[in-house]
Amino acid sequence: MIVYSGACIVLISLVSSAFTVWGAYAIFKAAYKPKQDRPYTFTEQLKEQRMPSGFFVIAGQQGAGKTSLMAAITITDYIYHGNERLNEARAEINYMNAIDSSWQLHAPPLAYRGKDAVHLDPRAGVDSLHIDITRFGLPGGSLDVQHLPPGTFLCFPELDADLNCRNWFNTPMEIIDAIKWLRHQDLTIIADMQSFDRVDAALRELTTDLWYVIDRRDRYERVKWWSKRKKLASTEWTFIWLKPQQNAVLRDVLRNDLTPHVEKMLRKCLADGSRICRFVFEGNIYERYNSHSGKPYFYRGLEDFYVESHVPVDYSRASVEAFSESNPLTFSKKNGGEK
């Protein structure tokens, strides 16, 4: 039988406590990542400070989560800075009305506008206002544009389809100039594109920030702890943050025959010009916007859903002509193109 003295019991207790504390510290050390080693978290930054004035483009593969990220950022900005933007607009409108009695201006109810509706506050029934890219631009030109007060936040999904340079050989200067001067009116524009190269080169050069989505993850949790049914709890996007205007200048410099030392330094600046970022939205983001907003385009001029059967291919003269006509290699005026 072993008998421990009071001092031994105290010593054993202290050693045990030390091992417990050390073990907890070891676990914390293994799980904790220094701030500089973590992906850059944009969520907290947006909560503290609203989206700055600029032309932000979200790019990525089809289905990568570009539009959902744009909606999540818009909603977050509205929750934390919606009143700030609206107060900025009201202050200028009140000032203009005060200095000139001929002005009879009224502040809009919201600072957020976009091509598709974003449910900013579903419980209160607050949706973003509407604006199409053809209604955006500097007034005084050929476009019937909306007048935008300072602090306005604009969203343009699938902008590469609306401003496809193959359809618009020259993008209206009202749009280009409005993006060029947007900081003077403190405007924030976010657009998502699947193909960044499809838009006018002038718009690509005016892009202040380019976010390329590389990953999107949905996190689910049980509705009740005993239930098997789950609900979407949050969504996290990981994207690369690029500064096209800054990087373009550095790339142009790198084309010159510079000394290895300067070239190495500039290449490091190019590498540091992009950073891996993440944004987290709590809740179901897919209920806050229409991810199939382009569906009506497929029903324009609809009378009924007709089908077409394949023509037989037996290499007779008639079947060869019928096959060639039903499967043209180039568009003709008959089927909507030019010869």
# chains A, B, ... in the order shown; residues from 1 in each chain; ligands from 1
>>> residues_around(residues="segment 186-192 of chain A", least_positions_apart="5", cutoff="10 Å", atoms="only C-alpha atoms", output="number ranges by chain")
A: 50-60, 65-71, 73-74, 85, 88, 111-114, 148-160, 178-179, 181, 207, 209-212
>>> select_by_dssp(residues="segment 12-253 of chain A", states="helix (DSSP H, G or I)", output="number ranges by chain")
A: 12-31, 35-37, 43-48, 66-99, 133-135, 159-162, 173-180, 182-185, 196-198, 201-206, 244-253
>>> closest_residue(among="A:Pro108, A:Pro122, A:Pro296, A:Gly63", to="Ile79 of chain A", atoms="only C-alpha atoms")
A:Pro122
>>> residues_around(residues="Ala233 of chain A", least_positions_apart="6", cutoff="6 Å", atoms="only C-alpha atoms", output="PyMOL selection string")
chain A and resi 219-220+283
>>> closest_residue(among="A:Ile285, A:Ile175, A:Ala107, A:Ala202", to="Arg135 of chain A", atoms="only C-alpha atoms")
A:Ile175
>>> closest_residue(among="A:Ala161, A:Trp225, A:Lys180, A:Asp314", to="Asp197 of chain A", atoms="only C-alpha atoms")
A:Ala161
